[in-house]
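**Student:** Got a file for you: upload14.txt, compact mmCIF, C-alpha atoms.
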# COMPACT_ATOMS: atom_id res chain seq x y z
CA MET D 22 0.00 0.00 0.00
CA ARG D 23 2.74 2.41 1.07
CA GLU D 24 4.80 1.32 -1.90
CA SER D 25 1.89 2.00 -4.31
CA LEU D 26 1.30 5.40 -2.74
CA ALA D 27 4.98 6.32 -3.18
CA ALA D 28 4.83 5.16 -6.84
CA THR D 29 1.66 7.23 -7.37
CA LEU D 30 3.33 10.36 -6.01
CA THR D 31 6.49 9.77 -8.06
CA ILE D 32 4.44 9.35 -11.27
CA PHE D 33 2.60 12.56 -10.41
CA LYS D 34 5.92 14.37 -9.87
CA LYS D 35 7.29 12.89 -13.11
CA ASP D 36 4.28 14.19 -15.07
CA LEU D 37 4.57 17.59 -13.44
CA ARG D 38 8.28 17.85 -14.25
CA SER D 39 7.68 16.59 -17.77
CA GLU D 40 4.89 19.15 -18.28
CA MET D 41 7.12 21.96 -17.05
CA ARG D 42 9.71 20.98 -19.66
CA THR D 43 7.49 20.15 -22.62
CA ARG D 44 4.39 22.32 -21.95
CA TYR D 45 2.38 19.66 -23.79
CA ALA D 46 -0.98 20.39 -22.14
CA LEU D 47 -0.46 23.70 -20.35
CA ASN D 48 -0.04 25.89 -23.43
CA ALA D 49 -2.98 24.26 -25.22
CA LEU D 50 -5.23 24.78 -22.20
CA LEU D 51 -4.25 28.40 -21.58
CA MET D 52 -4.55 29.40 -25.24
CA PHE D 53 -7.92 27.70 -25.49
CA VAL D 54 -9.29 29.57 -22.47
CA ILE D 55 -7.99 32.94 -23.65
CA THR D 56 -9.24 32.60 -27.25
CA THR D 57 -12.65 31.23 -26.24
CA LEU D 58 -13.14 33.97 -23.67
CA SER D 59 -12.14 36.62 -26.22
CA ILE D 60 -14.65 35.28 -28.76
CA ILE D 61 -17.39 35.25 -26.13
CA LEU D 62 -16.59 38.84 -25.10
CA PHE D 63 -16.66 39.97 -28.76
CA SER D 64 -19.96 38.22 -29.42
CA ILE D 65 -21.64 39.57 -26.26
CA GLY D 66 -20.55 43.15 -27.03
CA ASN D 67 -22.85 45.58 -25.25
CA GLU D 68 -25.73 43.11 -24.95
CA ASN D 69 -27.27 42.46 -21.55
CA VAL D 70 -26.91 38.74 -21.00
CA SER D 71 -28.49 37.21 -17.90
CA PRO D 72 -26.08 35.82 -15.24
CA GLU D 73 -27.92 32.47 -15.47
CA LEU D 74 -27.01 32.16 -19.16
CA LEU D 75 -23.44 33.23 -18.42
CA SER D 76 -23.23 30.41 -15.83
CA GLY D 77 -23.74 27.92 -18.66
CA VAL D 78 -21.18 29.70 -20.86
CA LEU D 79 -18.56 29.47 -18.07
CA TRP D 80 -18.93 25.68 -17.95
CA ILE D 81 -18.85 25.42 -21.74
CA ILE D 82 -15.41 27.08 -21.65
CA ILE D 83 -14.27 24.77 -18.85
CA PHE D 84 -15.61 21.63 -20.58
CA PHE D 85 -13.99 22.30 -23.93
CA SER D 86 -10.69 23.48 -22.50
CA THR D 87 -10.64 20.25 -20.46
CA MET D 88 -11.21 18.37 -23.72
CA SER D 89 -8.35 20.23 -25.40
CA GLY D 90 -5.68 19.37 -22.87
CA LEU D 91 -6.45 16.70 -20.31
CA SER D 92 -6.21 13.73 -22.66
CA ARG D 93 -2.49 14.53 -23.05
CA THR D 94 -1.55 12.65 -19.87
CA PHE D 95 -2.23 9.29 -21.52
CA VAL D 96 -2.11 10.28 -25.20
CA SER D 97 1.43 11.68 -24.94
CA GLU D 98 2.65 8.43 -23.31
CA GLU D 99 0.98 6.46 -26.12
CA GLU D 100 2.32 8.70 -28.90
CA ARG D 101 5.86 8.75 -27.56
CA GLY D 102 5.80 4.99 -26.97
CA THR D 103 6.54 5.26 -23.25
CA VAL D 104 3.43 3.28 -22.31
CA MET D 105 5.44 0.06 -22.32
CA THR D 106 7.99 1.62 -20.00
CA LEU D 107 5.25 2.55 -17.54
CA HIS D 108 3.92 -1.01 -17.72
CA LEU D 109 7.36 -2.21 -16.66
CA ILE D 110 7.85 0.02 -13.64
CA ALA D 111 4.55 0.35 -11.77
CA LYS D 112 1.21 -1.23 -11.00
CA PRO D 113 -1.72 0.00 -13.11
CA LEU D 114 -3.47 1.67 -10.19
CA SER D 115 -0.38 3.67 -9.22
CA ILE D 116 -0.26 4.93 -12.80
CA TYR D 117 -3.97 5.80 -12.81
CA PHE D 118 -3.88 7.71 -9.54
CA GLY D 119 -0.62 9.45 -10.47
CA LYS D 120 -2.24 10.65 -13.70
CA LEU D 121 -5.45 11.58 -11.87
CA LEU D 122 -3.51 13.72 -9.37
CA PHE D 123 -1.71 15.47 -12.22
CA ASN D 124 -4.96 16.14 -14.11
CA LEU D 125 -6.51 17.40 -10.90
CA LEU D 126 -3.71 19.90 -10.39
CA LEU D 127 -3.80 20.98 -14.03
CA LEU D 128 -7.58 21.37 -14.12
CA GLY D 129 -7.63 23.05 -10.69
CA GLY D 130 -5.10 25.64 -11.86
CA LEU D 131 -6.90 26.07 -15.17
CA ASN D 132 -10.28 26.57 -13.48
CA ILE D 133 -8.91 29.17 -11.07
CA PHE D 134 -7.42 31.01 -14.06
CA THR D 135 -10.65 30.73 -16.10
CA VAL D 136 -12.92 31.82 -13.24
CA LEU D 137 -10.72 34.82 -12.38
CA LEU D 138 -10.68 35.97 -16.02
CA TYR D 139 -14.41 35.37 -16.31
CA LEU D 140 -15.22 37.37 -13.15
CA LEU D 141 -12.89 40.13 -14.26
CA PHE D 142 -13.96 40.55 -17.89
CA VAL D 143 -17.55 39.32 -18.20
CA SER D 144 -19.39 42.24 -16.66
CA GLY D 145 -22.85 40.64 -16.44
CA PHE D 146 -21.58 37.72 -14.36
CA THR D 147 -21.86 38.60 -10.69
CA VAL D 148 -21.68 35.92 -8.02
CA LEU D 149 -24.01 36.63 -5.09
CA ASN D 150 -23.26 33.54 -3.01
CA TYR D 151 -19.54 32.70 -3.09
CA SER D 152 -19.81 29.65 -0.82
CA ILE D 153 -22.06 27.90 -3.39
CA PHE D 154 -19.87 29.09 -6.26
CA VAL D 155 -16.55 27.95 -4.76
CA THR D 156 -17.99 24.57 -3.66
CA THR D 157 -19.38 24.06 -7.17
CA ILE D 158 -16.03 24.87 -8.79
CA ILE D 159 -14.21 22.47 -6.42
CA LEU D 160 -16.66 19.56 -6.87
CA GLY D 161 -16.93 20.25 -10.60
CA THR D 162 -13.13 20.20 -10.95
CA LEU D 163 -12.89 16.90 -9.03
CA GLY D 164 -15.62 15.28 -11.15
CA LEU D 165 -14.26 16.58 -14.45
CA ALA D 166 -10.71 15.47 -13.61
CA SER D 167 -11.90 12.01 -12.58
CA GLY D 168 -14.10 11.55 -15.67
CA SER D 169 -11.63 12.98 -18.17
CA THR D 170 -8.72 10.88 -16.82
CA ILE D 171 -10.42 7.51 -17.33
CA ILE D 172 -11.79 8.58 -20.73
CA ALA D 173 -8.28 9.73 -21.73
CA ALA D 174 -6.98 6.25 -20.84
CA ILE D 175 -9.63 4.70 -23.10
CA ILE D 176 -9.17 6.99 -26.10
CA ALA D 177 -5.34 6.85 -25.93
CA LYS D 178 -5.61 3.41 -27.58
CA ALA D 179 -7.82 4.68 -30.43
CA ASN D 180 -6.67 5.98 -33.82
CA THR D 181 -8.91 9.07 -33.83
CA LYS D 182 -7.93 10.36 -30.41
CA GLY D 183 -8.64 14.08 -30.91
CA THR D 184 -12.22 13.78 -32.12
CA LEU D 185 -13.16 10.83 -29.97
CA TYR D 186 -12.35 12.52 -26.67
CA PRO D 187 -15.16 15.13 -26.51
CA VAL D 188 -17.60 12.76 -28.22
CA LEU D 189 -17.03 10.00 -25.68
CA SER D 190 -16.80 12.42 -22.77
CA PHE D 191 -20.06 14.23 -23.50
CA PRO D 192 -22.54 11.51 -22.40
CA ILE D 193 -20.37 10.54 -19.43
CA LEU D 194 -19.86 14.12 -18.22
CA LEU D 195 -23.37 15.36 -19.06
CA PRO D 196 -24.89 14.66 -15.59
CA LEU D 197 -21.97 16.51 -14.02
CA LEU D 198 -22.22 19.46 -16.41
CA LEU D 199 -25.97 19.89 -15.93
CA THR D 200 -25.55 19.80 -12.15
CA VAL D 201 -22.65 22.28 -11.99
CA ILE D 202 -24.51 24.66 -14.32
CA ASN D 203 -27.57 24.49 -12.03
CA ALA D 204 -25.44 25.06 -8.93
CA THR D 205 -23.66 28.02 -10.57
CA LYS D 206 -27.06 29.50 -11.48
CA LEU D 207 -28.03 29.24 -7.80
CA SER D 208 -24.83 31.06 -6.80
CA VAL D 209 -25.55 33.98 -9.15
CA SER D 210 -29.22 34.20 -8.21
CA GLY D 211 -28.38 34.72 -4.53
CA ALA D 212 -29.79 31.40 -3.24
CA GLN D 213 -28.99 30.15 0.28
CA PHE D 214 -26.27 27.50 0.67
CA SER D 215 -28.84 24.97 1.91
CA GLU D 216 -30.79 25.31 -1.36
CA SER D 217 -27.88 23.83 -3.31
CA PHE D 218 -27.51 20.69 -1.13
CA GLY D 219 -29.31 18.60 -3.76
CA GLU D 220 -26.79 19.61 -6.45
CA PHE D 221 -23.85 18.94 -4.13
CA GLN D 222 -25.18 15.50 -3.23
CA ILE D 223 -25.38 14.64 -6.94
CA LEU D 224 -21.85 15.95 -7.53
CA ILE D 225 -20.37 13.99 -4.61
CA SER D 226 -22.23 10.79 -5.65
CA TYR D 227 -21.04 11.27 -9.24
CA LEU D 228 -17.46 11.67 -8.08
CA VAL D 229 -17.57 8.58 -5.83
CA VAL D 230 -19.22 6.38 -8.51
CA LEU D 231 -16.88 7.51 -11.28
CA THR D 232 -13.72 7.08 -9.19
CA ALA D 233 -14.87 3.62 -8.02
CA ILE D 234 -15.64 2.52 -11.60
CA SER D 235 -12.28 3.87 -12.80
CA PHE D 236 -10.55 2.00 -9.97
CA LEU D 237 -12.20 -1.26 -11.04
CA LEU D 238 -11.83 -0.83 -14.80
CA PHE D 239 -8.47 0.81 -15.27
CA GLU D 240 -6.42 -2.39 -15.16
CA TYR D 241 -8.42 -3.86 -18.08
CA ILE D 242 -8.22 -0.64 -20.10
CA TRP D 243 -4.50 -0.33 -19.43
CA LYS D 244 -3.56 -3.87 -20.38
CA GLU D 245 -5.22 -4.17 -23.80
CA MET Z 3 19.78 -18.24 -4.08
CA ASN Z 4 15.98 -18.27 -4.39
CA GLU Z 5 14.62 -20.94 -6.68
CA ILE Z 6 13.09 -19.42 -9.81
CA ILE Z 7 10.54 -21.17 -12.00
CA PHE Z 8 9.03 -19.47 -15.02
CA LYS Z 9 6.61 -21.55 -17.05
CA THR Z 10 3.93 -21.16 -19.66
CA GLU Z 11 1.15 -23.53 -20.63
CA GLY Z 12 -0.56 -23.43 -24.03
CA LEU Z 13 -0.01 -19.72 -24.67
CA ALA Z 14 -1.84 -18.41 -27.73
CA LYS Z 15 -2.43 -14.94 -29.11
CA THR Z 16 -4.81 -13.75 -31.77
CA PHE Z 17 -5.29 -10.15 -32.93
CA ASN Z 18 -8.84 -9.74 -34.21
CA ARG Z 19 -9.12 -13.03 -36.08
CA ARG Z 20 -5.49 -13.34 -37.04
CA LYS Z 21 -3.69 -16.04 -35.15
CA ILE Z 22 -0.17 -14.93 -34.17
CA PHE Z 23 0.94 -18.13 -32.43
CA LYS Z 24 -0.59 -20.96 -30.47
CA ASP Z 25 0.28 -23.53 -27.87
CA ILE Z 26 3.56 -22.13 -26.54
CA SER Z 27 4.61 -24.14 -23.50
CA PHE Z 28 7.93 -24.20 -21.70
CA GLU Z 29 9.39 -24.34 -18.23
CA LEU Z 30 12.57 -22.53 -17.24
CA LYS Z 31 14.47 -22.68 -13.97
CA GLU Z 32 17.27 -20.48 -12.69
CA ASN Z 33 20.54 -20.62 -14.63
CA SER Z 34 18.71 -21.44 -17.83
CA SER Z 35 18.15 -19.56 -21.03
CA LEU Z 36 15.78 -19.66 -23.96
CA ALA Z 37 16.04 -18.25 -27.47
CA ILE Z 38 12.84 -17.48 -29.36
CA THR Z 39 13.26 -17.38 -33.11
CA GLY Z 40 10.92 -17.01 -36.05
CA LYS Z 41 10.37 -15.06 -39.23
CA ASN Z 42 9.34 -11.38 -39.16
CA GLY Z 43 5.75 -11.21 -37.98
CA SER Z 44 5.87 -14.63 -36.33
CA GLY Z 45 5.10 -13.06 -32.94
CA LYS Z 46 8.47 -12.96 -31.14
CA SER Z 47 7.96 -9.47 -29.75
CA THR Z 48 4.31 -10.20 -28.93
CA LEU Z 49 5.36 -13.30 -27.01
CA LEU Z 50 7.92 -11.26 -25.06
CA LYS Z 51 5.28 -8.64 -24.24
CA ILE Z 52 2.98 -11.40 -22.96
CA LEU Z 53 5.78 -12.96 -20.88
CA SER Z 54 6.55 -9.58 -19.33
CA GLY Z 55 2.89 -9.01 -18.41
CA ILE Z 56 2.33 -6.08 -20.79
CA LEU Z 57 -0.16 -7.98 -22.96
CA SER Z 58 -2.63 -10.68 -21.97
CA PRO Z 59 -2.58 -13.96 -23.87
CA THR Z 60 -5.76 -14.98 -25.72
CA ARG Z 61 -5.40 -18.44 -24.19
CA GLY Z 62 -3.01 -20.20 -21.87
CA SER Z 63 -1.29 -19.30 -18.64
CA ILE Z 64 2.00 -18.03 -17.25
CA GLU Z 65 3.38 -18.83 -13.83
CA MET Z 66 6.29 -17.14 -12.11
CA ASN Z 67 7.45 -18.75 -8.90
CA ILE Z 68 10.33 -17.28 -6.93
CA GLY Z 69 11.52 -18.81 -3.66
CA GLY Z 70 8.35 -20.92 -3.45
CA LYS Z 71 6.08 -17.90 -3.79
CA ILE Z 72 3.84 -17.45 -6.82
CA ILE Z 73 4.22 -13.89 -8.13
CA ARG Z 74 1.00 -12.08 -9.01
CA HIS Z 75 0.72 -10.95 -12.62
CA ASP Z 76 0.55 -7.29 -11.64
CA SER Z 77 3.88 -7.67 -9.82
CA TYR Z 78 5.83 -9.29 -12.67
CA PHE Z 79 7.46 -5.95 -13.39
CA LYS Z 80 9.33 -6.18 -10.08
CA LYS Z 81 11.03 -9.41 -11.08
CA LEU Z 82 11.79 -8.96 -14.74
CA GLY Z 83 13.67 -6.62 -16.99
CA LEU Z 84 12.94 -6.05 -20.68
CA VAL Z 85 14.98 -4.53 -23.47
CA SER Z 86 13.07 -4.08 -26.69
CA PRO Z 87 13.11 -1.85 -29.77
CA TYR Z 88 9.55 -0.80 -28.86
CA LEU Z 89 10.61 0.41 -25.44
CA GLN Z 90 11.03 4.18 -25.23
CA LEU Z 91 12.51 6.18 -22.38
CA TYR Z 92 11.62 9.77 -21.54
CA ASP Z 93 13.20 12.13 -24.08
CA GLU Z 94 12.66 15.23 -21.95
CA PHE Z 95 14.79 13.85 -19.10
CA THR Z 96 18.52 13.20 -19.02
CA GLY Z 97 19.91 9.66 -18.96
CA GLN Z 98 20.62 9.88 -15.24
CA GLU Z 99 17.23 11.45 -14.47
CA ASN Z 100 15.52 8.60 -16.31
CA LEU Z 101 17.26 5.99 -14.18
CA GLU Z 102 16.62 7.92 -10.94
CA LEU Z 103 12.97 8.30 -11.91
CA PHE Z 104 12.57 4.57 -12.58
CA ARG Z 105 14.29 3.77 -9.28
CA ASP Z 106 11.93 6.08 -7.38
CA ILE Z 107 8.77 4.78 -9.10
CA ARG Z 108 9.82 1.18 -8.50
CA GLY Z 109 10.62 2.03 -4.88
CA ILE Z 110 13.90 0.08 -4.99
CA GLU Z 111 17.05 0.87 -3.12
CA ALA Z 112 19.43 1.26 -6.05
CA THR Z 113 22.03 3.67 -4.75
CA ASP Z 114 23.41 6.59 -6.72
CA ASN Z 115 26.66 4.62 -6.92
CA TYR Z 116 24.86 1.72 -8.58
CA ILE Z 117 23.30 4.07 -11.14
CA GLU Z 118 26.76 5.52 -11.74
CA ASP Z 119 28.16 2.00 -12.24
CA LEU Z 120 25.43 1.17 -14.76
CA LEU Z 121 25.99 4.38 -16.68
CA LYS Z 122 29.73 3.73 -16.74
CA LEU Z 123 29.23 0.11 -17.80
CA PHE Z 124 27.21 1.26 -20.79
CA LYS Z 125 29.56 4.16 -21.57
CA LEU Z 126 26.93 6.80 -20.84
CA TRP Z 127 28.51 8.45 -17.80
CA GLU Z 128 30.01 11.31 -19.81
CA ARG Z 129 26.62 12.05 -21.35
CA ARG Z 130 24.58 11.47 -18.18
CA ASP Z 131 23.38 15.10 -18.00
CA ASP Z 132 22.28 15.29 -21.64
CA PHE Z 133 18.64 14.92 -22.58
CA VAL Z 134 17.77 11.50 -24.00
CA ARG Z 135 16.41 13.20 -27.13
CA THR Z 136 20.01 14.13 -28.00
CA TYR Z 137 21.22 10.50 -27.71
CA SER Z 138 21.98 8.40 -30.76
CA SER Z 139 19.94 5.22 -31.31
CA GLY Z 140 22.85 3.14 -29.98
CA MET Z 141 23.07 5.24 -26.80
CA LYS Z 142 19.32 4.91 -26.29
CA GLN Z 143 19.67 1.13 -26.64
CA ARG Z 144 22.44 1.13 -24.01
CA LEU Z 145 20.29 3.21 -21.66
CA LYS Z 146 17.53 0.63 -22.08
CA TYR Z 147 19.94 -2.01 -20.76
CA ALA Z 148 20.69 0.16 -17.72
CA PHE Z 149 16.90 0.55 -17.24
CA ALA Z 150 16.36 -3.22 -17.45
CA LEU Z 151 19.16 -4.05 -15.00
CA LEU Z 152 18.41 -1.32 -12.46
CA HIS Z 153 16.45 -3.65 -10.16
CA ASN Z 154 18.62 -6.77 -10.68
CA PRO Z 155 15.81 -8.74 -12.33
CA SER Z 156 15.44 -12.50 -11.81
CA ILE Z 157 14.29 -12.83 -15.42
CA LEU Z 158 15.81 -10.80 -18.25
CA LEU Z 159 13.95 -10.58 -21.57
CA LEU Z 160 15.84 -9.26 -24.57
CA ASP Z 161 14.19 -8.50 -27.91
CA GLU Z 162 16.76 -8.14 -30.71
CA PRO Z 163 19.56 -7.58 -28.14
CA ARG Z 164 22.17 -6.32 -30.61
CA SER Z 165 20.08 -3.76 -32.44
CA ASN Z 166 21.81 -0.39 -32.93
CA LEU Z 167 24.86 -1.44 -30.88
CA ASP Z 168 28.51 -1.19 -31.94
CA ALA Z 169 31.02 -4.02 -31.41
CA GLU Z 170 31.89 -2.82 -27.89
CA GLY Z 171 28.21 -2.58 -26.96
CA ILE Z 172 27.53 -6.08 -28.28
CA GLU Z 173 30.41 -7.45 -26.22
CA THR Z 174 28.97 -5.82 -23.06
CA VAL Z 175 25.55 -7.29 -23.85
CA TYR Z 176 26.98 -10.79 -24.21
CA LYS Z 177 28.71 -10.40 -20.84
CA ILE Z 178 25.39 -9.36 -19.30
CA MET Z 179 23.66 -12.34 -20.90
CA GLU Z 180 26.21 -14.71 -19.36
CA GLU Z 181 25.90 -13.04 -15.94
CA GLN Z 182 22.11 -13.21 -16.12
CA LYS Z 183 22.26 -16.96 -16.69
CA LYS Z 184 24.28 -17.28 -13.48
CA ARG Z 185 21.77 -15.39 -11.36
CA GLY Z 186 18.41 -16.12 -13.01
CA ILE Z 187 16.70 -16.72 -16.32
CA LEU Z 188 17.50 -15.26 -19.74
CA ILE Z 189 15.02 -15.16 -22.62
CA VAL Z 190 16.11 -13.74 -25.97
CA ALA Z 191 13.98 -13.09 -29.06
CA THR Z 192 16.32 -13.05 -32.03
CA ASN Z 193 17.16 -14.50 -35.41
CA ASP Z 194 20.86 -13.89 -35.01
CA SER Z 195 22.85 -17.14 -34.79
CA GLU Z 196 25.43 -15.59 -32.45
CA ASP Z 197 22.70 -14.57 -29.97
CA ILE Z 198 21.15 -18.02 -30.16
CA GLU Z 199 24.49 -19.62 -29.26
CA HIS Z 200 24.25 -18.01 -25.82
CA CYS Z 201 20.99 -19.87 -25.06
CA GLU Z 202 20.49 -23.52 -24.10
CA GLN Z 203 16.90 -23.92 -25.28
CA LEU Z 204 15.19 -22.80 -28.43
CA ILE Z 205 11.64 -22.14 -29.55
CA ASP Z 206 11.07 -21.66 -33.25
CA LEU Z 207 7.73 -19.91 -33.63
CA ASN Z 208 7.46 -21.12 -37.21
CA LYS Z 209 7.70 -24.70 -36.07
CA GLN Z 210 6.29 -24.04 -32.60
CA GLU Z 211 8.27 -26.57 -30.67
CA THR Z 212 10.72 -26.28 -27.79
CA SER Z 213 14.01 -28.04 -28.14
CA GLY Z 214 17.31 -28.33 -26.33
CA LYS Z 215 20.32 -27.46 -28.42
What would you get if you wrote out this structure as structure tokens?

**Tutor:**
Amino acid sequence: MRESLAATLTIFKKDLRSEMRTRYALNALLMFVITTLSIILFSIGNENVSPELLSGVLWIIIFFSTMSGLSRTFVSEEERGTVMTLHLIAKPLSIYFGKLLFNLLLLGGLNIFTVLLYLLFVSGFTVLNYSIFVTTIILGTLGLASGSTIIAAIIAKANTKGTLYPVLSFPILLPLLLTVINATKLSVSGAQFSESFGEFQILISYLVVLTAISFLLFEYIWKE
Amino acid sequence: MNEIIFKTEGLAKTFNRRKIFKDISFELKENSSLAITGKNGSGKSTLLKILSGILSPTRGSIEMNIGGKIIRHDSYFKKLGLVSPYLQLYDEFTGQENLELFRDIRGIEATDNYIEDLLKLFKLWERRDDFVRTYSSGMKQRLKYAFALLHNPSILLLDEPRSNLDAEGIETVYKIMEEQKKRGILIVATNDSEDIEHCEQLIDLNKQETSGK
């Protein structure tokens, strides 16, 4: 157990160090967020868009930027041919959790960056209840990272990796997206924290179920 | 020394409907060696991947028993080392960083001195701080040997052991092959007659039978 945990942390550190040197995912993610946000700002112009609608737009940016960069953790190993090396040095679950930790850090950083830019530049988007908003961002990040990591492991074996990732992710992440959009709407409409308990229960259940399924399935996905 | 038994029973692999090989059975004990030969596409590399636990066989079983304990499939990587043309190390790290990284992920106690010895043995010490992407194909092959020997594996699997190596590198590899036979099991996939001479048993995937030489 201790050995697997140490391997998980070392794989996480390896991915972090590798990302710092190659900027495989980071640049793609940042550029995606900046260009998408710019297009949205241009298209909104001087229009008055309701904060509820802008809540959905925020998660559209987050979803597609996740799709543009998070598959890299497994795809880059597959493309560079280092998958076999990983097979030969660690147990599948250490690899999965190492990659999950890395995606979590990457997505966490990306979401903080996106939310800050969004709050700063999108004038119609005003959060009235920050406790709901922050909880939603945290649970949404955890769910998205968990879902996108296991889907990345699946699509890394496919020939059409780029197009398959959002297509396969959409049905799996849809319950999560609908719930985080609802919770964000509550945060901008000034609802009480207790009113969003239902959404949070769904998000926590989603996270637990997805992580448990990934835990059980990863070894089969990884081996073939 | 711990007793080592590595055996397979009726191994078969098919990709989609194409049969690669069938009914591969052998039993190896410590101090023994096996050469796997066969034409291109006969499944030598696939068989090595299955033996090292990277791929699952379509049929058949593998058993690794060390010191009376059966090793779980997901722990095979702790006991074996593989050198193969398909194996790639991390280009964005230096040679030394690669070895230190593999040591840390494996959680083994290979000292810095041991890593230094391996790098010197494979004539990579002078280039230890250079990124692997700047290495020649022969240097990458030598680093793969250091990677495979880092944890002193009980079973060493070599796929085309001489590929990309110069005469000095080949000589080092033959020394390693002889040392491996003294401490464990050696399995080599090759069509080179000189490589085959270093092994006591032979499987020809085109004939699919195991024979002593």

**Student:** Around all listed atoms of segment 145-156 of chain D, padded 8 Å per side, what centre and edge lengths does the axis-aligned box have in Å to one decimal, as AutoDock Vina command-line options?

**Tutor:**
--center_x -20.3 --center_y 32.6 --center_z -8.6 --size_x 23.5 --size_y 32.1 --size_z 31.6

**Student:** Report, in Å with one decimal, the straight-line distance from atom CA of Lys24 of chain Z to atom CA of Gly40 of chain Z.

**Tutor:**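 So the answer is 13.4 Å.
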
**Student:** Give me the chain Z side of the contact with chain D, cut-off 6 Å, one line per residue showing its nearest atom pair and distance in Å at one decimal, counting all atoms listed in the file, sorted by chain and residue number, as JSON lines.

**Tutor:**
{"residue": "Z:Leu57", "atom": "CA", "partner": "D:Lys244", "partner_atom": "CA", "distance": 5.9}
{"residue": "Z:Phe79", "atom": "CA", "partner": "D:Leu109", "partner_atom": "CA", "distance": 5.0}
{"residue": "Z:Gln90", "atom": "CA", "partner": "D:Thr103", "partner_atom": "CA", "distance": 5.0}
{"residue": "Z:Ile107", "atom": "CA", "partner": "D:Ala28", "partner_atom": "CA", "distance": 4.6}
{"residue": "Z:Arg108", "atom": "CA", "partner": "D:Ile110", "partner_atom": "CA", "distance": 5.6}

**Student:** Quick one: distance from atom CA of Leu53 of chain Z to atom CA of Leu145 of chain Z in Å, one decimal?

**Tutor:**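 Between atom CA of Leu53 of chain Z and atom CA of Leu145 of chain Z the gap works out to 21.7 Å.
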
**Student:** What lies within 8 Å of segment 126-129 of chain Z using all atoms listed in the file, ignoring chain neighbours under 4 positions off, as a VMD selection string?

**Tutor:** chain Z and resid 97 118 121 to 122 141 144 to 145

**Student:** Provide the atom CA of Cys201 of chain Z to atom CA of Glu180 of chain Z distance in Å, to one decimal place.

**Tutor:**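 Taking atom CA of Cys201 of chain Z and atom CA of Glu180 of chain Z, their separation equals 9.3 Å.
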
**Student:** Give me, as a CSV table (one decimal) with C-alpha atoms, keeping the file's coordinate frame, all polymer residues having an atom no more than 8 Å from segment 61-67 of chain Z, counting all atoms listed in the file and skipping those fewer than 4 positions away in the same chain.

**Tutor:**
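Result file follows (part_21.csv):
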chain,number,residue,atom,x,y,z
Z,5,GLU,CA,14.6,-20.9,-6.7
Z,6,ILE,CA,13.1,-19.4,-9.8
Z,7,ILE,CA,10.5,-21.2,-12.0
Z,8,PHE,CA,9.0,-19.5,-15.0
Z,9,LYS,CA,6.6,-21.6,-17.0
Z,10,THR,CA,3.9,-21.2,-19.7
Z,11,GLU,CA,1.2,-23.5,-20.6
Z,12,GLY,CA,-0.6,-23.4,-24.0
Z,13,LEU,CA,0.0,-19.7,-24.7
Z,14,ALA,CA,-1.8,-18.4,-27.7
Z,15,LYS,CA,-2.4,-14.9,-29.1
Z,25,ASP,CA,0.3,-23.5,-27.9
Z,53,LEU,CA,5.8,-13.0,-20.9
Z,71,LYS,CA,6.1,-17.9,-3.8
Z,72,ILE,CA,3.8,-17.4,-6.8
Z,73,ILE,CA,4.2,-13.9,-8.1
Z,74,ARG,CA,1.0,-12.1,-9.0
Z,78,TYR,CA,5.8,-9.3,-12.7

**Student:** Which neighbours of Ile157 of chain Z fall inside 12 Å, counting all atoms listed in the file, when residues of the same chain fewer than 2 positions from it are skipped, and could you give them as number ranges by chain?

**Tutor:** Z: 5-9, 30-36, 50, 53-54, 66-68, 78-85, 150-151, 153-155, 159-160, 179, 181-190

**Student:** Which residues are near Leu231 of chain D? Cut-off 12 Å, all atoms listed in the file, ignore same chain within fewer than 4 positions. Put them as a VMD selection string.

**Tutor:** chain D and resid 163 to 172 193 to 194 196 to 197 223 to 227 235 to 239
